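J.: Take a look at this one; I'll ask things after.
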Amino acid sequence: MKLLRRHQSMRRLSYAAVAFVLLTTALGFGPAAVEAAANVPPLGTHAKAATLIDVESGRILYDKSGDQRLRIASLTKIMTAIVAIENADLSDKVKVSARAAGKEGSSIYLKAGEEMKLEDMLYGLMLRSGNDAATAIAEHVGGSVEGFVRMMNEKAEWIGLTNTQFMNPSGLDEDGHYSSANDLAKLTAYALHNPTFATIVKTRIKKAPNPNESWDYQWSNKNKMLAMYEGADGVKTGYTKMALRCLVSSATRNGQQLAAVTINDRDDWIDHRNMLDWGFEHYKLKVVAQQGQPISGYPLAAGRTFRYPLASGEADQLHSKLTLISNTSTPYALGERGVLEWELSGNTIGVVPVYDSTSSRLQWKEKRPLPALDNAASAGASDYSFSHTMRAVVRALFGGGA
């Protein structure tokens with residue numbers, strides 16, 4: 001069953017999916033990640049570990065013990081949801097096993113033998129944190145809970161999460177089940193680029209058919225940030241006796257989306273408001289390059305828009321470098337002429353393809369912008385535009401990715 005789904009995923013891969021695959025290596029999780037600016041006021045939280053990330057660029061704006069491995073409770077379900085979304089049909093009917101129906105902890109009260117559409121079950125998973133839903137989803141998508149957990153860990157490795165290991169799909173306390181605030185921020189940024197995931201986590205109330213009763217299921221979102229904070233649009237609450245209070249929230253203002261993570265935080269609602277306010281105030285999302293923008297001294301133009309969150313004074317520290325490619329290369333034949341690489345504090349933060357200023361490619365409608373690729377330009381323009389793409393696709397198809 002798992003092999004069949006892998007083949008189905010391969011068939012569904014399109015150019016749009018290729019762009020999305022690139023995102024996993026493009027969120028700035030490697031050398032492209034730039035430390036928060038030193039000229040902004042300090043931020044404090046009550047959390048044992050905390051992180052604030054800009055979703056579009058992947059830039060971590062703040063972290064406190066961000067790489068510490070900790071229990072994460074139901075924040076685990078962020079990975080459960082995105083793995084299910086990427087590897088199964090949302091219209092699938094999920095049959096609830098006795099194991100799933102009897103799962104301890106938070107529940108949406110599924111009954112053994114009941115069938116529910118996967119899409120509806122994902123709402124129960126994310127809005128009400130149903131451990132029964134997590135187990136049923138895992139069994140359906142992975143063939144077994146154990147098979148699905150393997151998929152979760154493969155995905156974590158594929159995204160580049162270095163302080164994460166999953167032992168179950170629900171987040172119940174278990175030895176060897178952990179993540180870090182930084183890894184959860186990166187995972188959340190990745191997941192929020194998926195429109196299905198983004199729609200689910202911002203939903204306040206969801207109804208779903210109930211085959212056992214005359215009334216429908218109705219789930220209200222446990223995430224109070226959706227009502228407490230202007231622009232809030234996600235993501236997930238969590239709690240166990242050992243992990244204590246955990247929260248991932250996101251919000252969008254003026255076209256910029258931030259995500260905040262806290263682990264073991266007794267004042268998480270207050271801390272998240274403060275973290276998001278701090279990020280929106282001190283790190284404005286700036287247009288660094290505009291699609292169609294001319295390249296000075298060359299008959300070339302930027303192939304896409306690149307935006308990046310910058311603190312006061314950082315714009316003056318930006319540097320760009322143009323790298324042209326051989327006219328005998330494959331990317332050249334496909335219309336590219338090189339890449340424009342942007343650096344901040346010695347780190348590559350963005351790589352933009354360039355085309356002839358008369359190229360029709362400059363008129364193509366832009367997808368959601370992709371952030372910087374890890375060391376993409378240092379390997380040469382052709383690596384960025386062609387070889388890197390193909391490596392990412394092969395990795396996605398055969399290396400355990402979606």
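Every chain in the structure tokens has a letter given in the order shown (A, B, ...), and although residue numbers restart at 1 in each chain, ligands are simply numbered from 1 in the order shown.
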Hey, what's within 7 Å of region 65-72 of chain A if we count only C-alpha atoms and toss same-chain stuff fewer than 4 positions away? As a PyMOL selection string, please?
T.: chain A and resi 49-51+76+163+171+177-182+243+246+263
J.: Can I get the selected residues back with all heavy atoms, as a tab-separated table (two decimals), in the first residue's frame?
T.:
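Result file follows (part_7.tsv):
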chain	number	residue	atom	x	y	z
A	49	ALA	N	12.19	26.81	25.88
A	49	ALA	CA	12.78	27.02	24.55
A	49	ALA	C	11.77	27.74	23.68
A	49	ALA	O	10.56	27.50	23.79
A	49	ALA	CB	13.17	25.69	23.92
A	50	ALA	N	12.26	28.62	22.82
A	50	ALA	CA	11.36	29.42	21.98
A	50	ALA	C	12.07	29.83	20.70
A	50	ALA	O	13.29	30.00	20.67
A	50	ALA	CB	10.88	30.66	22.73
A	51	THR	N	11.27	30.00	19.63
A	51	THR	CA	11.80	30.44	18.33
A	51	THR	C	10.74	31.26	17.62
A	51	THR	O	9.55	30.98	17.72
A	51	THR	CB	12.18	29.23	17.45
A	51	THR	OG1	13.17	28.45	18.10
A	51	THR	CG2	12.72	29.68	16.09
A	76	THR	N	3.66	17.57	17.70
A	76	THR	CA	3.96	16.45	16.81
A	76	THR	C	2.99	16.39	15.64
A	76	THR	O	3.35	16.03	14.51
A	76	THR	CB	3.86	15.14	17.60
A	76	THR	OG1	4.82	15.16	18.66
A	76	THR	CG2	4.07	13.92	16.72
A	163	ASN	N	17.40	17.96	15.08
A	163	ASN	CA	17.16	17.68	16.50
A	163	ASN	C	15.75	17.14	16.72
A	163	ASN	O	15.07	17.53	17.67
A	163	ASN	CB	17.40	18.93	17.34
A	163	ASN	CG	18.86	19.35	17.34
A	163	ASN	OD1	19.71	18.62	17.82
A	163	ASN	ND2	19.15	20.51	16.77
A	171	GLY	N	2.14	12.52	19.76
A	171	GLY	CA	2.89	13.37	20.67
A	171	GLY	C	2.79	12.93	22.12
A	171	GLY	O	3.30	13.61	23.01
A	177	HIS	N	11.17	10.40	21.76
A	177	HIS	CA	10.29	11.26	20.96
A	177	HIS	C	10.57	12.71	21.36
A	177	HIS	O	10.28	13.12	22.49
A	177	HIS	CB	8.83	10.91	21.24
A	177	HIS	CG	7.85	11.63	20.34
A	177	HIS	ND1	7.28	11.02	19.24
A	177	HIS	CD2	7.37	12.88	20.36
A	177	HIS	CE1	6.46	11.88	18.63
A	177	HIS	NE2	6.50	13.02	19.31
A	178	TYR	N	11.15	13.48	20.44
A	178	TYR	CA	11.56	14.83	20.80
A	178	TYR	C	11.71	15.69	19.54
A	178	TYR	O	11.79	15.20	18.42
A	178	TYR	CB	12.89	14.81	21.56
A	178	TYR	CG	14.02	14.14	20.80
A	178	TYR	CD1	14.72	14.80	19.78
A	178	TYR	CD2	14.39	12.82	21.09
A	178	TYR	CE1	15.75	14.19	19.08
A	178	TYR	CE2	15.42	12.19	20.39
A	178	TYR	CZ	16.09	12.88	19.39
A	178	TYR	OH	17.10	12.27	18.69
A	179	SER	N	11.78	16.99	19.78
A	179	SER	CA	12.15	17.95	18.74
A	179	SER	C	12.72	19.17	19.45
A	179	SER	O	12.92	19.17	20.66
A	179	SER	CB	10.96	18.31	17.85
A	179	SER	OG	11.37	19.08	16.73
A	180	SER	N	12.98	20.21	18.70
A	180	SER	CA	13.50	21.46	19.25
A	180	SER	C	12.65	22.61	18.74
A	180	SER	O	11.91	22.48	17.76
A	180	SER	CB	14.96	21.67	18.84
A	180	SER	OG	15.06	21.92	17.45
A	181	ALA	N	12.77	23.75	19.39
A	181	ALA	CA	12.00	24.92	18.97
A	181	ALA	C	12.39	25.34	17.56
A	181	ALA	O	11.53	25.69	16.74
A	181	ALA	CB	12.21	26.06	19.96
A	182	ASN	N	13.68	25.31	17.24
A	182	ASN	CA	14.11	25.69	15.90
A	182	ASN	C	13.59	24.73	14.85
A	182	ASN	O	13.12	25.13	13.77
A	182	ASN	CB	15.63	25.77	15.82
A	182	ASN	CG	16.21	27.01	16.45
A	182	ASN	OD1	15.48	27.97	16.74
A	182	ASN	ND2	17.51	27.04	16.67
A	243	ALA	N	5.78	17.18	28.95
A	243	ALA	CA	6.15	18.28	28.06
A	243	ALA	C	5.66	19.62	28.57
A	243	ALA	O	6.24	20.66	28.26
A	243	ALA	CB	5.60	18.02	26.65
A	246	CYS	N	2.83	23.60	25.38
A	246	CYS	CA	3.57	23.84	24.14
A	246	CYS	C	2.63	24.54	23.15
A	246	CYS	O	1.43	24.27	23.14
A	246	CYS	CB	4.06	22.53	23.53
A	246	CYS	SG	5.13	21.56	24.61
A	263	ILE	N	8.06	25.98	23.97
A	263	ILE	CA	8.01	24.66	24.59
A	263	ILE	C	8.16	24.84	26.09
A	263	ILE	O	9.09	25.52	26.55
A	263	ILE	CB	9.13	23.74	24.04
A	263	ILE	CG1	9.02	23.59	22.52
A	263	ILE	CG2	9.08	22.37	24.72
A	263	ILE	CD1	10.17	22.83	21.90
J.: Show which residues sit within 9 Å of Gln317 (chain A), as a list in words. Count only C-alpha atoms, and ignore same-chain residues fewer than 5 positions away.
T.: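 Those residues are Glu343, Leu344 and Ser345 of chain A.
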J.: Could you go through region 43-155 of chain A and tell me which residues DSSP, when run on the backbone, assigns to strand (DSSP E), listing them as a list in words?
T.: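 Checking each residue of region 43-155 of chain A, the strand (DSSP E) ones are Ala49, Ala50, Thr51, Leu52, Ile53, Asp54, Ile60, Leu61, Tyr62, Asp63, Lys64, Lys93, Val94, Lys95, Glu115, Met116 and Lys117 of chain A.
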J.: Restrict the selected residues to N, CA, C and O atoms and save them as a PDB file, in the first residue's frame.
T.:
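Here's the written file out-v1.pdb:
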ATOM      1  N   ALA A  49      12.187  26.810  25.877  1.00  0.00           N
ATOM      2  CA  ALA A  49      12.776  27.017  24.553  1.00  0.00           C
ATOM      3  C   ALA A  49      11.769  27.740  23.682  1.00  0.00           C
ATOM      4  O   ALA A  49      10.562  27.503  23.792  1.00  0.00           O
ATOM      5  N   ALA A  50      12.256  28.619  22.822  1.00  0.00           N
ATOM      6  CA  ALA A  50      11.357  29.415  21.979  1.00  0.00           C
ATOM      7  C   ALA A  50      12.067  29.825  20.700  1.00  0.00           C
ATOM      8  O   ALA A  50      13.290  29.996  20.671  1.00  0.00           O
ATOM      9  N   THR A  51      11.272  29.997  19.635  1.00  0.00           N
ATOM     10  CA  THR A  51      11.797  30.437  18.334  1.00  0.00           C
ATOM     11  C   THR A  51      10.742  31.263  17.619  1.00  0.00           C
ATOM     12  O   THR A  51       9.545  30.980  17.716  1.00  0.00           O
ATOM     13  N   LEU A  52      11.194  32.269  16.882  1.00  0.00           N
ATOM     14  CA  LEU A  52      10.331  33.063  16.005  1.00  0.00           C
ATOM     15  C   LEU A  52      10.937  33.022  14.617  1.00  0.00           C
ATOM     16  O   LEU A  52      12.125  33.302  14.444  1.00  0.00           O
ATOM     17  N   ILE A  53      10.117  32.683  13.613  1.00  0.00           N
ATOM     18  CA  ILE A  53      10.612  32.534  12.247  1.00  0.00           C
ATOM     19  C   ILE A  53       9.757  33.314  11.274  1.00  0.00           C
ATOM     20  O   ILE A  53       8.542  33.446  11.457  1.00  0.00           O
ATOM     21  N   ASP A  54      10.377  33.873  10.239  1.00  0.00           N
ATOM     22  CA  ASP A  54       9.652  34.458   9.115  1.00  0.00           C
ATOM     23  C   ASP A  54       9.341  33.330   8.142  1.00  0.00           C
ATOM     24  O   ASP A  54      10.256  32.636   7.668  1.00  0.00           O
ATOM     25  N   ILE A  60      15.276  32.785  10.953  1.00  0.00           N
ATOM     26  CA  ILE A  60      14.959  32.728  12.378  1.00  0.00           C
ATOM     27  C   ILE A  60      15.309  34.075  12.994  1.00  0.00           C
ATOM     28  O   ILE A  60      16.467  34.501  12.981  1.00  0.00           O
ATOM     29  N   LEU A  61      14.298  34.740  13.506  1.00  0.00           N
ATOM     30  CA  LEU A  61      14.453  36.087  14.033  1.00  0.00           C
ATOM     31  C   LEU A  61      14.828  36.092  15.506  1.00  0.00           C
ATOM     32  O   LEU A  61      15.420  37.056  15.994  1.00  0.00           O
ATOM     33  N   TYR A  62      14.457  35.035  16.209  1.00  0.00           N
ATOM     34  CA  TYR A  62      14.735  34.947  17.646  1.00  0.00           C
ATOM     35  C   TYR A  62      14.741  33.483  18.048  1.00  0.00           C
ATOM     36  O   TYR A  62      13.932  32.695  17.546  1.00  0.00           O
ATOM     37  N   ASP A  63      15.688  33.108  18.914  1.00  0.00           N
ATOM     38  CA  ASP A  63      15.575  31.786  19.513  1.00  0.00           C
ATOM     39  C   ASP A  63      16.189  31.791  20.901  1.00  0.00           C
ATOM     40  O   ASP A  63      17.133  32.525  21.183  1.00  0.00           O
ATOM     41  N   LYS A  64      15.583  31.008  21.744  1.00  0.00           N
ATOM     42  CA  LYS A  64      16.041  30.790  23.115  1.00  0.00           C
ATOM     43  C   LYS A  64      16.169  29.286  23.295  1.00  0.00           C
ATOM     44  O   LYS A  64      15.182  28.565  23.206  1.00  0.00           O
ATOM     45  N   LYS A  93     -11.512   7.427   2.400  1.00  0.00           N
ATOM     46  CA  LYS A  93     -12.275   7.062   3.590  1.00  0.00           C
ATOM     47  C   LYS A  93     -11.341   6.322   4.546  1.00  0.00           C
ATOM     48  O   LYS A  93     -10.739   5.307   4.203  1.00  0.00           O
ATOM     49  N   VAL A  94     -11.201   6.860   5.753  1.00  0.00           N
ATOM     50  CA  VAL A  94     -10.321   6.268   6.760  1.00  0.00           C
ATOM     51  C   VAL A  94     -11.178   5.443   7.718  1.00  0.00           C
ATOM     52  O   VAL A  94     -12.099   5.974   8.347  1.00  0.00           O
ATOM     53  N   LYS A  95     -10.870   4.172   7.829  1.00  0.00           N
ATOM     54  CA  LYS A  95     -11.609   3.300   8.743  1.00  0.00           C
ATOM     55  C   LYS A  95     -10.898   3.264  10.086  1.00  0.00           C
ATOM     56  O   LYS A  95      -9.694   3.035  10.163  1.00  0.00           O
ATOM     57  N   GLU A 115     -16.098   5.107   9.629  1.00  0.00           N
ATOM     58  CA  GLU A 115     -15.340   5.622   8.489  1.00  0.00           C
ATOM     59  C   GLU A 115     -15.536   7.124   8.371  1.00  0.00           C
ATOM     60  O   GLU A 115     -16.656   7.621   8.517  1.00  0.00           O
ATOM     61  N   MET A 116     -14.462   7.818   8.120  1.00  0.00           N
ATOM     62  CA  MET A 116     -14.505   9.272   7.980  1.00  0.00           C
ATOM     63  C   MET A 116     -13.548   9.694   6.876  1.00  0.00           C
ATOM     64  O   MET A 116     -12.470   9.104   6.714  1.00  0.00           O
ATOM     65  N   LYS A 117     -13.936  10.689   6.110  1.00  0.00           N
ATOM     66  CA  LYS A 117     -13.072  11.226   5.061  1.00  0.00           C
ATOM     67  C   LYS A 117     -11.785  11.765   5.680  1.00  0.00           C
ATOM     68  O   LYS A 117     -11.809  12.419   6.730  1.00  0.00           O
TER      69      LYS A 117
END
J.: Write out as a ChimeraX atom specification all residues of region 11-167 of chain A that DSSP puts in alpha helix (DSSP H) for this structure's backbone.
T.: /A:11-12,15-26,77-87,98-101,118-128,131-142,145-159
J.: Counting only C-alpha atoms, figure out which residue out of A:Ser91, A:Thr305, A:Thr196, A:Thr164 gets nearest to Asp183 (chain A).
T.: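 Distance minimum relative to Asp183 (chain A) lands on A:Thr164.
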J.: For the interface of region 257-365 of chain A with region 219-241 of chain A (cut-off 10 Å, counting only C-alpha atoms), please tabulate each contacting residue of region 257-365 of chain A alongside its nearest pair of atoms and their separation in Å to one decimal, rows sorted by chain and increasing number, as a Markdown table.
T.:
| residue | atom | partner | partner_atom | distance |
| --- | --- | --- | --- | --- |
| A:Gln257 | CA | A:Asp233 | CA | 9.0 |
| A:Leu258 | CA | A:Ala232 | CA | 9.4 |
| A:Ala259 | CA | A:Val235 | CA | 8.4 |
| A:Ala260 | CA | A:Val235 | CA | 9.3 |
| A:Val261 | CA | A:Lys236 | CA | 9.6 |
| A:Thr262 | CA | A:Thr237 | CA | 9.9 |
| A:Ile263 | CA | A:Gly238 | CA | 9.0 |
| A:Asn264 | CA | A:Tyr239 | CA | 8.7 |
| A:Asp268 | CA | A:Thr237 | CA | 9.9 |
| A:Trp269 | CA | A:Met225 | CA | 7.0 |
| A:Ile270 | CA | A:Met225 | CA | 9.6 |
| A:His272 | CA | A:Met225 | CA | 8.3 |
| A:Arg273 | CA | A:Tyr229 | CA | 6.8 |
| A:Leu276 | CA | A:Tyr229 | CA | 9.2 |
| A:Asp277 | CA | A:Tyr229 | CA | 9.7 |
J.: Can you write just those residues out, all heavy atoms, as a tab-separated table (two decimals), in the first residue's frame?
T.:
chain	number	residue	atom	x	y	z
A	257	GLN	N	4.10	36.81	7.06
A	257	GLN	CA	3.66	35.77	8.00
A	257	GLN	C	4.81	35.36	8.90
A	257	GLN	O	5.90	35.02	8.43
A	257	GLN	CB	3.11	34.56	7.24
A	257	GLN	CG	2.47	33.51	8.15
A	257	GLN	CD	1.81	32.38	7.39
A	257	GLN	OE1	2.26	32.00	6.31
A	257	GLN	NE2	0.74	31.83	7.92
A	258	LEU	N	4.56	35.36	10.19
A	258	LEU	CA	5.53	34.90	11.19
A	258	LEU	C	4.95	33.70	11.92
A	258	LEU	O	3.73	33.56	12.04
A	258	LEU	CB	5.84	36.01	12.20
A	258	LEU	CG	6.40	37.33	11.66
A	258	LEU	CD1	6.64	38.30	12.82
A	258	LEU	CD2	7.69	37.10	10.87
A	259	ALA	N	5.82	32.85	12.43
A	259	ALA	CA	5.39	31.72	13.27
A	259	ALA	C	6.24	31.71	14.53
A	259	ALA	O	7.47	31.85	14.47
A	259	ALA	CB	5.53	30.41	12.52
A	260	ALA	N	5.58	31.53	15.66
A	260	ALA	CA	6.25	31.50	16.96
A	260	ALA	C	6.10	30.12	17.57
A	260	ALA	O	5.04	29.48	17.45
A	260	ALA	CB	5.67	32.56	17.88
A	261	VAL	N	7.14	29.65	18.24
A	261	VAL	CA	7.15	28.35	18.90
A	261	VAL	C	7.59	28.53	20.34
A	261	VAL	O	8.59	29.21	20.61
A	261	VAL	CB	8.13	27.38	18.21
A	261	VAL	CG1	8.15	26.02	18.92
A	261	VAL	CG2	7.82	27.22	16.73
A	262	THR	N	6.86	27.93	21.28
A	262	THR	CA	7.32	27.86	22.66
A	262	THR	C	7.13	26.44	23.17
A	262	THR	O	6.14	25.78	22.85
A	262	THR	CB	6.59	28.84	23.59
A	262	THR	OG1	5.17	28.66	23.48
A	262	THR	CG2	6.94	30.29	23.26
A	263	ILE	N	8.06	25.98	23.97
A	263	ILE	CA	8.01	24.66	24.59
A	263	ILE	C	8.16	24.84	26.09
A	263	ILE	O	9.09	25.52	26.55
A	263	ILE	CB	9.13	23.74	24.04
A	263	ILE	CG1	9.02	23.59	22.52
A	263	ILE	CG2	9.08	22.37	24.72
A	263	ILE	CD1	10.17	22.83	21.90
A	264	ASN	N	7.24	24.24	26.84
A	264	ASN	CA	7.25	24.33	28.30
A	264	ASN	C	7.17	25.81	28.72
A	264	ASN	O	8.13	26.38	29.23
A	264	ASN	CB	8.49	23.66	28.88
A	264	ASN	CG	8.43	23.53	30.40
A	264	ASN	OD1	7.62	24.17	31.07
A	264	ASN	ND2	9.32	22.71	30.96
A	268	ASP	N	2.19	31.02	27.73
A	268	ASP	CA	2.41	30.98	26.29
A	268	ASP	C	1.56	31.97	25.51
A	268	ASP	O	2.03	32.57	24.54
A	268	ASP	CB	2.23	29.55	25.74
A	268	ASP	CG	0.97	28.86	26.22
A	268	ASP	OD1	0.11	29.52	26.83
A	268	ASP	OD2	0.85	27.64	25.99
A	269	TRP	N	0.30	32.18	25.89
A	269	TRP	CA	-0.53	33.11	25.12
A	269	TRP	C	0.08	34.52	25.14
A	269	TRP	O	0.16	35.19	24.09
A	269	TRP	CB	-1.95	33.16	25.68
A	269	TRP	CG	-2.63	31.83	25.78
A	269	TRP	CD1	-3.11	31.23	26.90
A	269	TRP	CD2	-2.93	30.92	24.70
A	269	TRP	NE1	-3.68	30.01	26.61
A	269	TRP	CE2	-3.58	29.79	25.27
A	269	TRP	CE3	-2.71	30.94	23.33
A	269	TRP	CZ2	-4.01	28.71	24.51
A	269	TRP	CZ3	-3.14	29.86	22.57
A	269	TRP	CH2	-3.78	28.77	23.15
A	270	ILE	N	0.51	34.96	26.30
A	270	ILE	CA	1.13	36.29	26.41
A	270	ILE	C	2.45	36.33	25.66
A	270	ILE	O	2.74	37.27	24.91
A	270	ILE	CB	1.34	36.65	27.89
A	270	ILE	CG1	0.00	36.83	28.60
A	270	ILE	CG2	2.18	37.93	28.03
A	270	ILE	CD1	0.11	37.04	30.10
A	272	HIS	N	3.44	34.58	23.14
A	272	HIS	CA	3.27	34.55	21.68
A	272	HIS	C	2.82	35.90	21.14
A	272	HIS	O	3.28	36.32	20.07
A	272	HIS	CB	2.29	33.43	21.28
A	272	HIS	CG	2.95	32.10	21.20
A	272	HIS	ND1	3.06	31.37	20.04
A	272	HIS	CD2	3.58	31.36	22.16
A	272	HIS	CE1	3.71	30.24	20.27
A	272	HIS	NE2	4.02	30.21	21.56
A	273	ARG	N	1.95	36.57	21.83
A	273	ARG	CA	1.57	37.92	21.40
A	273	ARG	C	2.79	38.83	21.37
A	273	ARG	O	2.98	39.60	20.42
A	273	ARG	CB	0.50	38.49	22.32
A	273	ARG	CG	-0.86	37.83	22.16
A	273	ARG	CD	-1.97	38.64	22.76
A	273	ARG	NE	-1.79	38.87	24.19
A	273	ARG	CZ	-2.67	39.49	24.97
A	273	ARG	NH1	-3.80	39.96	24.46
A	273	ARG	NH2	-2.45	39.64	26.26
A	276	LEU	N	5.26	37.80	18.45
A	276	LEU	CA	4.78	38.20	17.13
A	276	LEU	C	4.83	39.72	16.97
A	276	LEU	O	5.25	40.23	15.92
A	276	LEU	CB	3.37	37.67	16.89
A	276	LEU	CG	3.27	36.14	16.78
A	276	LEU	CD1	1.81	35.68	16.89
A	276	LEU	CD2	3.88	35.64	15.47
A	277	ASP	N	4.41	40.44	17.99
A	277	ASP	CA	4.48	41.91	17.94
A	277	ASP	C	5.91	42.37	17.70
A	277	ASP	O	6.17	43.26	16.88
A	277	ASP	CB	3.97	42.52	19.24
A	277	ASP	CG	2.45	42.55	19.34
A	277	ASP	OD1	1.78	42.36	18.30
A	277	ASP	OD2	1.93	42.77	20.45
J.: With distances taken over only C-alpha atoms, which of A:Arg128, A:Arg253, A:Lys286, A:Arg266 is nearest to Gln218 (chain A)?
T.: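 Using only C-alpha atoms, Gln218 (chain A) sits closest to A:Arg128.
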J.: Using only C-alpha atoms, which residue out of A:Gly176, A:Gly58, A:Gly143, A:Gly335 lies closest to Ala191 (chain A)?
T.: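 Of A:Gly176, A:Gly58, A:Gly143, A:Gly335, the one nearest Ala191 (chain A), counting only C-alpha atoms, is A:Gly58.
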J.: Tell me which protein, DNA and RNA residues are within 9 Å of Trp342 (chain A), counting only C-alpha atoms, leaving out same-chain ones fewer than 2 positions away, and put them as a PyMOL selection string.
T.: chain A and resi 288+318-321+340+344+347-352+372
J.: Between A:Glu154, A:Asp175, A:Asp120, A:Asp92, which one has atoms that come closest to Lys207 (chain A), using only C-alpha atoms?
T.: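 Selected residue with least distance to Lys207 (chain A): A:Asp120.
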J.: Which is closer to Asn153 (chain A) than all the others in A:Leu184, A:Ser97, A:Asn87, A:Met79, using only C-alpha atoms?
T.: A:Met79
